[in-house]
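Student: Below are the structure tokens for one structure; questions will follow.
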Amino acid sequence: MASGLDRHQRYAVALFRIVTALLFASHGAASLFGVLGGARGGGTIAAGTWPGWYAAAIQLVAGALVLLGAGTRPAAFVASGSMAYAYFTVHQPGALWPLQNGGEGAAMFCWAFLLLGFTGPGALAVDGLVASRASGRGHRDERGPQAAAA
């Protein structure tokens with residue numbers, strides 16, 4: 001059964017990437033533009049305010065890049081770092097556990113983007129299209145040349 005699931009791993013990673021990035025970018029769009037209910041309390045975050053506006057900008061830009069699979073690894077590492085910062089400066093001082101301090105979202109986004117930083121975008125990513133065109137092939141197997149030959 002595992003080998004059957006392994007065959008679809010690239011697509012499972014892609015689906016995880018797309019859903020996670022869409023949710024992340026939605027937070028940024030809500031805070032910056034007041035869409036989807038706006039920032040907490042409704043409305044937007046004033047431009048240039050630290051750290052809220054910068055966090056929202058990272059959420060929107062890094063979320064959009066990861067969603068498209070463009071520069072996935074560096075964008076995911078930036079997103080992960082911003083969520084670690086948010087957790088430890090905003091949430092953790094309130095209580096030790098994420099359930100107590102309201103930091104579940106920040107913690108989950110941090111770990112999800114850290115995972116994507118290591119795994120890469122999976123299938124259906126701009127990164128894969130660029131790499132396949134650069135190499136002159138129509139399909140790029142991210143598992144490496146030995147796996148592609150097998």
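Ligands are numbered from 1 in the order shown, residues from 1 within each chain, and chains are lettered A, B, ... in the order they appear in the structure tokens.
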Find the spatial neighbours of A:Ala39, counting only C-alpha atoms, within a cut-off of 7 Å - ignore same-chain residues fewer than 6 positions away - and output them as a CSV table (one decimal) with all heavy atoms, in the first residue's frame.
Tutor:
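And here is the file that came out, result_37.csv:
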```csv
chain,number,residue,atom,x,y,z
A,30,ALA,N,-6.5,40.0,4.4
A,30,ALA,CA,-7.5,40.5,5.4
A,30,ALA,C,-6.9,41.7,6.2
A,30,ALA,O,-7.6,42.7,6.4
A,30,ALA,CB,-8.0,39.4,6.3
A,31,SER,N,-5.7,41.5,6.6
A,31,SER,CA,-5.1,42.6,7.5
A,31,SER,C,-4.7,43.8,6.6
A,31,SER,O,-4.8,44.9,7.1
A,31,SER,CB,-3.8,42.0,8.1
A,31,SER,OG,-4.2,41.0,9.0
A,45,ILE,N,-4.7,47.1,9.1
A,45,ILE,CA,-3.6,47.5,9.9
A,45,ILE,C,-2.9,48.7,9.2
A,45,ILE,O,-2.7,48.7,8.0
A,45,ILE,CB,-2.5,46.4,10.0
A,45,ILE,CG1,-3.2,45.2,10.8
A,45,ILE,CG2,-1.3,46.8,10.7
A,45,ILE,CD1,-2.3,44.0,10.8
```
Student: I need the helix (DSSP H, G or I) residues of chain A per DSSP on the backbone, written as a PyMOL selection string.
Tutor: chain A and resi 2-6+9-33+52-68+72-94+98-101+104-119+126-135+145-149
Student: Please indicate the distance in Å from atom CA of A:Gly48 to atom CA of A:Leu32, rounded to one decimal place.
Tutor: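 Computing the Euclidean distance for atom CA of A:Gly48 and atom CA of A:Leu32 yields 10.6 Å.
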Student: Neighbours of A:Ala86 within 9 Å (only C-alpha atoms; same-chain residues fewer than 2 positions away dropped), as a VMD selection string?
Tutor: chain A and resid 51 55 81 to 84 88 to 92 103 106 to 107
Student: Report the distance between atom CA of A:Ala14 and atom CA of A:Gly122 in Å, rounded to one decimal place.
Tutor: 4.7 Å
Student: May I have the residues within 12 Å of stretch 111-119 of chain A as a PyMOL selection string, using only C-alpha atoms and disregarding those fewer than 5 positions away in the same chain?
Tutor: chain A and resi 9-10+12-21+23-24+59+62-63+66-67+69+71-84+87+104-106+142-143
